[in-house]
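A.B. asks: File follows, model.cif with mmCIF, C-alpha atoms:
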```cif
data_coords
loop_
_atom_site.label_atom_id
_atom_site.label_comp_id
_atom_site.auth_asym_id
_atom_site.auth_seq_id
_atom_site.Cartn_x
_atom_site.Cartn_y
_atom_site.Cartn_z
CA ASN T 917 -33.39 -7.93 -9.28
CA ALA T 918 -29.67 -7.80 -9.92
CA GLY T 919 -27.72 -5.09 -8.19
CA VAL T 920 -25.30 -2.66 -9.76
CA MET T 921 -22.92 -4.68 -11.91
CA GLN T 922 -19.36 -3.55 -12.49
CA ASN T 923 -16.70 -5.18 -14.59
CA PRO T 924 -14.00 -6.07 -14.56
CA ARG T 925 -13.50 -6.61 -10.83
CA HIS T 926 -9.75 -6.21 -11.19
CA LEU T 927 -7.85 -4.46 -13.95
CA VAL T 928 -4.10 -4.19 -14.38
CA ARG T 929 -2.68 -1.69 -16.82
CA ARG T 930 0.81 -0.48 -17.61
CA ARG T 931 1.54 3.21 -17.53
CA GLY T 932 0.34 4.87 -20.72
CA GLN T 933 -2.36 2.31 -21.51
CA GLU T 934 -6.09 2.94 -21.47
CA ALA T 935 -8.49 1.64 -18.84
CA ARG T 936 -12.19 1.10 -19.49
CA LEU T 937 -14.49 0.44 -16.57
CA ARG T 938 -18.09 -0.65 -17.09
CA CYS T 939 -21.17 -0.23 -14.97
CA SER T 940 -24.70 -1.51 -15.46
CA PRO T 941 -27.15 0.19 -13.09
CA MET T 942 -29.93 -1.55 -11.23
CA LYS T 943 -33.10 -2.14 -13.21
CA GLY T 944 -35.27 0.94 -13.16
CA HIS T 945 -32.42 3.26 -12.16
CA SER T 946 -31.70 6.11 -14.55
CA HIS T 947 -28.99 7.91 -12.56
CA VAL T 948 -25.39 6.71 -12.49
CA TYR T 949 -22.53 7.99 -10.36
CA TRP T 950 -18.83 7.19 -10.34
CA TYR T 951 -16.70 7.45 -7.22
CA ARG T 952 -13.03 6.81 -6.60
CA GLN T 953 -11.51 5.43 -3.41
CA LEU T 954 -7.81 5.85 -2.92
CA PRO T 955 -6.01 3.74 -0.30
CA GLU T 956 -6.80 4.98 3.23
CA GLU T 957 -9.07 7.67 1.80
CA GLY T 958 -12.79 8.16 1.66
CA LEU T 959 -14.83 7.87 -1.49
CA LYS T 960 -14.63 10.92 -3.70
CA PHE T 961 -17.31 11.86 -6.20
CA MET T 962 -16.21 11.95 -9.83
CA VAL T 963 -19.19 12.26 -12.14
CA TYR T 964 -22.99 11.99 -12.26
CA LEU T 965 -24.77 10.94 -15.44
CA GLN T 966 -28.23 10.31 -16.74
CA LYS T 967 -28.94 8.58 -20.03
CA GLU T 968 -26.91 10.31 -22.74
CA ASN T 969 -26.16 13.28 -20.47
CA ILE T 970 -23.36 14.27 -18.12
CA ILE T 971 -25.04 16.20 -15.33
CA ASP T 972 -22.12 16.94 -13.01
CA GLU T 973 -18.49 16.13 -13.72
CA SER T 974 -17.02 18.49 -11.15
CA GLY T 975 -15.08 15.70 -9.43
CA MET T 976 -13.43 14.32 -12.52
CA PRO T 977 -9.89 15.32 -13.55
CA LYS T 978 -9.99 17.59 -16.57
CA GLU T 979 -7.55 15.51 -18.57
CA ARG T 980 -7.43 11.81 -19.47
CA PHE T 981 -10.75 10.97 -17.78
CA SER T 982 -14.10 10.73 -19.51
CA ALA T 983 -17.45 9.11 -18.80
CA GLU T 984 -20.53 8.24 -20.78
CA PHE T 985 -23.90 6.64 -20.24
CA PRO T 986 -25.31 5.82 -23.68
CA LYS T 987 -28.92 5.21 -24.51
CA GLU T 988 -28.19 1.51 -24.78
CA GLY T 989 -25.59 -0.36 -22.78
CA PRO T 990 -23.58 0.26 -19.65
CA SER T 991 -21.97 3.40 -18.38
CA ILE T 992 -18.27 3.59 -19.20
CA LEU T 993 -15.52 5.36 -17.27
CA ARG T 994 -12.49 5.74 -19.49
CA ILE T 995 -9.01 6.66 -18.34
CA GLN T 996 -6.48 7.37 -21.04
CA GLN T 997 -2.71 7.15 -20.61
CA VAL T 998 -2.97 5.82 -17.07
CA VAL T 999 -0.40 6.78 -14.44
CA ARG T 1000 0.46 5.11 -11.12
CA GLY T 1001 -1.62 7.67 -9.24
CA ASP T 1002 -4.74 6.36 -10.99
CA SER T 1003 -4.45 3.12 -9.02
CA ALA T 1004 -7.59 2.98 -6.90
CA ALA T 1005 -10.95 1.34 -6.47
CA TYR T 1006 -13.57 2.83 -8.75
CA PHE T 1007 -17.16 2.43 -7.63
CA CYS T 1008 -20.31 2.94 -9.61
CA ALA T 1009 -23.66 3.67 -7.99
CA SER T 1010 -27.14 4.06 -9.34
CA SER T 1011 -30.41 5.46 -8.10
CA ARG T 1012 -33.93 6.36 -9.12
CA PRO T 1013 -34.73 10.05 -9.67
CA GLY T 1014 -35.43 12.15 -6.60
CA ASN T 1015 -34.25 11.84 -3.03
CA SER T 1016 -33.51 8.12 -3.26
CA PRO T 1017 -30.75 5.98 -1.79
CA LEU T 1018 -27.72 5.15 -3.87
CA HIS T 1019 -26.87 1.52 -4.50
CA PHE T 1020 -23.24 0.68 -5.14
CA GLY T 1021 -21.52 -1.98 -7.19
CA ASN T 1022 -18.57 -4.03 -5.92
CA GLY T 1023 -16.11 -1.78 -7.67
CA THR T 1024 -13.25 -2.17 -10.12
CA ARG T 1025 -9.80 -2.23 -8.61
CA LEU T 1026 -7.38 -0.65 -11.02
CA THR T 1027 -3.67 -1.26 -10.60
CA VAL T 1028 -1.24 0.66 -12.77
CA THR T 1029 2.21 -0.90 -13.00
CA LYS C 1455 -17.80 23.29 1.55
CA GLN C 1456 -19.37 20.22 3.13
CA GLU C 1457 -17.01 18.00 5.10
CA VAL C 1458 -17.85 14.76 6.87
CA THR C 1459 -15.87 13.41 9.81
CA GLN C 1460 -16.21 10.02 11.44
CA ILE C 1461 -14.93 9.22 14.89
CA PRO C 1462 -13.37 6.92 15.89
CA ALA C 1463 -11.37 5.77 12.88
CA ALA C 1464 -11.23 2.27 14.33
CA LEU C 1465 -13.06 0.45 17.08
CA SER C 1466 -12.61 -3.00 18.56
CA VAL C 1467 -15.25 -4.48 20.87
CA PRO C 1468 -16.13 -7.88 22.32
CA GLU C 1469 -19.09 -9.75 20.90
CA GLY C 1470 -22.44 -8.81 22.42
CA GLU C 1471 -21.56 -5.21 23.20
CA ASN C 1472 -23.77 -2.32 22.15
CA LEU C 1473 -21.85 0.40 20.34
CA VAL C 1474 -22.21 3.83 18.77
CA LEU C 1475 -20.47 5.18 15.69
CA ASN C 1476 -20.33 8.92 15.21
CA CYS C 1477 -20.57 11.10 12.13
CA SER C 1478 -20.44 14.88 11.95
CA PHE C 1479 -20.89 17.24 9.02
CA THR C 1480 -20.06 20.91 8.70
CA ASP C 1481 -23.04 22.21 6.73
CA SER C 1482 -26.51 21.48 8.08
CA ALA C 1483 -28.14 22.06 4.68
CA ILE C 1484 -28.53 18.46 3.60
CA TYR C 1485 -31.13 16.45 1.74
CA ASN C 1486 -30.36 13.18 3.46
CA LEU C 1487 -27.72 11.17 5.26
CA GLN C 1488 -26.90 7.57 4.45
CA TRP C 1489 -24.97 4.92 6.38
CA PHE C 1490 -23.11 2.24 4.45
CA ARG C 1491 -21.16 -0.84 5.29
CA GLN C 1492 -18.05 -1.81 3.34
CA ASP C 1493 -16.41 -5.22 3.66
CA PRO C 1494 -12.75 -5.62 2.64
CA GLY C 1495 -12.38 -5.72 -1.12
CA LYS C 1496 -16.10 -5.30 -1.61
CA GLY C 1497 -18.55 -2.60 -2.53
CA LEU C 1498 -20.80 -0.58 -0.28
CA THR C 1499 -24.02 -1.91 1.19
CA SER C 1500 -26.62 0.68 2.09
CA LEU C 1501 -27.77 0.25 5.69
CA LEU C 1502 -30.01 3.19 6.47
CA LEU C 1503 -31.04 6.44 4.82
CA ILE C 1504 -32.40 9.32 6.90
CA GLN C 1505 -34.18 12.16 5.13
CA SER C 1506 -33.45 15.67 6.40
CA SER C 1507 -36.93 15.86 7.93
CA GLN C 1508 -36.47 12.66 9.93
CA ARG C 1509 -34.82 12.13 13.31
CA GLU C 1510 -34.06 8.42 13.12
CA GLN C 1511 -34.35 5.20 11.16
CA THR C 1512 -34.23 1.62 12.39
CA SER C 1513 -33.45 -1.66 10.70
CA GLY C 1514 -33.07 -4.76 12.86
CA ARG C 1515 -30.24 -4.21 15.31
CA LEU C 1516 -29.29 -0.91 13.70
CA ASN C 1517 -30.60 2.50 14.63
CA ALA C 1518 -29.42 5.73 13.01
CA SER C 1519 -30.22 9.16 14.37
CA LEU C 1520 -29.88 12.57 12.77
CA ASP C 1521 -29.54 15.96 14.45
CA LYS C 1522 -29.32 18.25 11.47
CA SER C 1523 -28.99 21.48 13.44
CA SER C 1524 -25.88 20.27 15.24
CA GLY C 1525 -24.53 18.44 12.20
CA ARG C 1526 -24.42 15.01 13.80
CA SER C 1527 -25.55 11.48 13.19
CA THR C 1528 -25.00 8.32 15.15
CA LEU C 1529 -25.27 4.68 14.16
CA TYR C 1530 -26.19 2.45 17.07
CA ILE C 1531 -25.50 -1.28 16.76
CA ALA C 1532 -27.12 -3.48 19.38
CA ALA C 1533 -25.72 -6.81 20.52
CA SER C 1534 -22.78 -6.73 18.15
CA GLN C 1535 -21.68 -9.91 16.35
CA PRO C 1536 -18.42 -10.88 14.63
CA GLY C 1537 -20.28 -10.63 11.32
CA ASP C 1538 -20.73 -6.92 11.97
CA SER C 1539 -16.98 -6.43 11.48
CA ALA C 1540 -16.57 -4.04 8.55
CA THR C 1541 -15.92 -0.40 7.76
CA TYR C 1542 -18.95 1.82 8.30
CA LEU C 1543 -19.25 4.89 6.12
CA CYS C 1544 -21.41 7.93 6.63
CA ALA C 1545 -22.36 10.09 3.63
CA VAL C 1546 -24.46 13.23 3.28
CA ARG C 1547 -26.18 14.59 0.22
CA PRO C 1548 -25.71 18.36 0.34
CA GLY C 1549 -28.82 20.47 0.07
CA ARG C 1550 -29.52 22.95 -2.66
CA ASP C 1551 -28.25 25.95 -0.69
CA SER C 1552 -24.87 24.51 0.24
CA GLN C 1553 -23.46 22.95 -2.90
CA GLY C 1554 -25.75 23.90 -5.72
CA GLY C 1555 -28.38 21.23 -5.54
CA SER C 1556 -25.89 18.45 -5.67
CA GLU C 1557 -26.76 14.86 -6.40
CA LYS C 1558 -23.35 13.77 -5.19
CA LEU C 1559 -22.68 12.29 -1.79
CA VAL C 1560 -19.91 13.54 0.49
CA PHE C 1561 -18.34 10.67 2.43
CA GLY C 1562 -16.47 10.40 5.66
CA LYS C 1563 -13.39 8.19 5.82
CA GLY C 1564 -15.21 5.57 7.81
CA THR C 1565 -14.96 3.72 11.10
CA LYS C 1566 -13.35 0.29 10.93
CA LEU C 1567 -15.21 -1.95 13.37
CA THR C 1568 -13.87 -5.24 14.67
CA VAL C 1569 -16.12 -7.41 16.81
CA ASN C 1570 -14.13 -10.08 18.62
CA PRO C 1571 -15.72 -13.46 19.37
#
```
Turn this file's structure into structure tokens for me.
C.D. replies:
Amino acid sequence: NAGVMQNPRHLVRRRGQEARLRCSPMKGHSHVYWYRQLPEEGLKFMVYLQKENIIDESGMPKERFSAEFPKEGPSILRIQQVVRGDSAAYFCASSRPGNSPLHFGNGTRLTVT
Amino acid sequence: KQEVTQIPAALSVPEGENLVLNCSFTDSAIYNLQWFRQDPGKGLTSLLLIQSSQREQTSGRLNASLDKSSGRSTLYIAASQPGDSATYLCAVRPGRDSQGGSEKLVFGKGTKLTVNP
């Protein structure tokens, strides 16, 4: 049973470009979460999705950031017109419904030059 | 607003020592508390999850306790090994009364553990 799969592992973008981060949840998991970890900071919640629905996006910046979890395929976190401050590790997690543990992927490390 | 604090920020011990990592949270209304391990450049590995109705969970050399009323959890590592070196993260899932039935976890900044051979 494969774990949460994220790709790419590392992503370098120039300022103004778009970044697309992908996440495939564990088999049988219908809930997906995105977290961001800035250097020397804890993980901060960004968005929580179920299939085709955004449930809670309270942690996501209002501009340039968007997330989706389509009926088929991975969840995508999209950052438009990246800036240096977007450089961070972005982690995806998945879980079953209910009071279940979250399982995290290995993250995508985004560097904006 | 739920806040999670982990003390100490870093800890260095000799191999074989038993140790305790501390986690405190400001709002006792939680669904569960989860301990994770994070290796450099890697993702998070779930170690233990304690439901709000539980007092402790054990897995091998690890034991996590939860005192919800005082807003505290500890992670006890017995007979530490160099392979235990990592950052340990504590995270709580706020309960319905504190942050609107949140599914999101609130993390501490972690304790960086180094076990010296």
A.B. asks: Between C:Leu1567, C:Thr1459, C:Ala1518, C:Glu1471, single out the one closest to Ala1533 (chain C), counting all atoms listed in the file.
C.D. replies: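 Once distances to Ala1533 (chain C) are computed over all atoms listed in the file, the minimum belongs to C:Glu1471.
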A.B. asks: Output as CSV one row per residue of chain C within 6 Å of chain T: the closest atom pair and its distance in Å to one decimal place, counting only C-alpha atoms, sorted by chain and residue number ascending.
C.D. replies:
```
residue,atom,partner,partner_atom,distance
C:Lys1496,CA,T:Asn1022,CA,5.1
C:Gly1497,CA,T:Asn1022,CA,3.7
C:Leu1498,CA,T:Phe1020,CA,5.6
C:Phe1561,CA,T:Leu959,CA,6.0
C:Gly1562,CA,T:Gly958,CA,5.9
C:Lys1563,CA,T:Gly958,CA,4.2
```
A.B. asks: May I ask for the distance between CA of Gly932 (chain T) and CA of Ser982 (chain T), given in Å to one decimal place?
C.D. replies: 15.6 Å
A.B. asks: Calculated over all atoms listed in the file, which of the candidates T:Glu984, T:Ile992, T:Val998, T:Gln966 has the smallest distance to Gln922 (chain T)?
C.D. replies: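 Counting all atoms listed in the file, the residue closest to Gln922 (chain T) is T:Ile992.
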A.B. asks: By how many Å are CA of Gly1495 (chain C) and CA of Thr1541 (chain C) apart?
C.D. replies: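 A separation of 10.9 Å between them.
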A.B. asks: Padding of 3 Å on every side, edges along x, y and z, all listed atoms of region 999-1015 of chain T included: what centre and edge lengths in Å, to one decimal, does that box have, as AutoDock Vina command-line options?
C.D. replies:
```
--center_x -17.5 --center_y 6.7 --center_z -8.7 --size_x 41.9 --size_y 16.8 --size_z 17.4
```
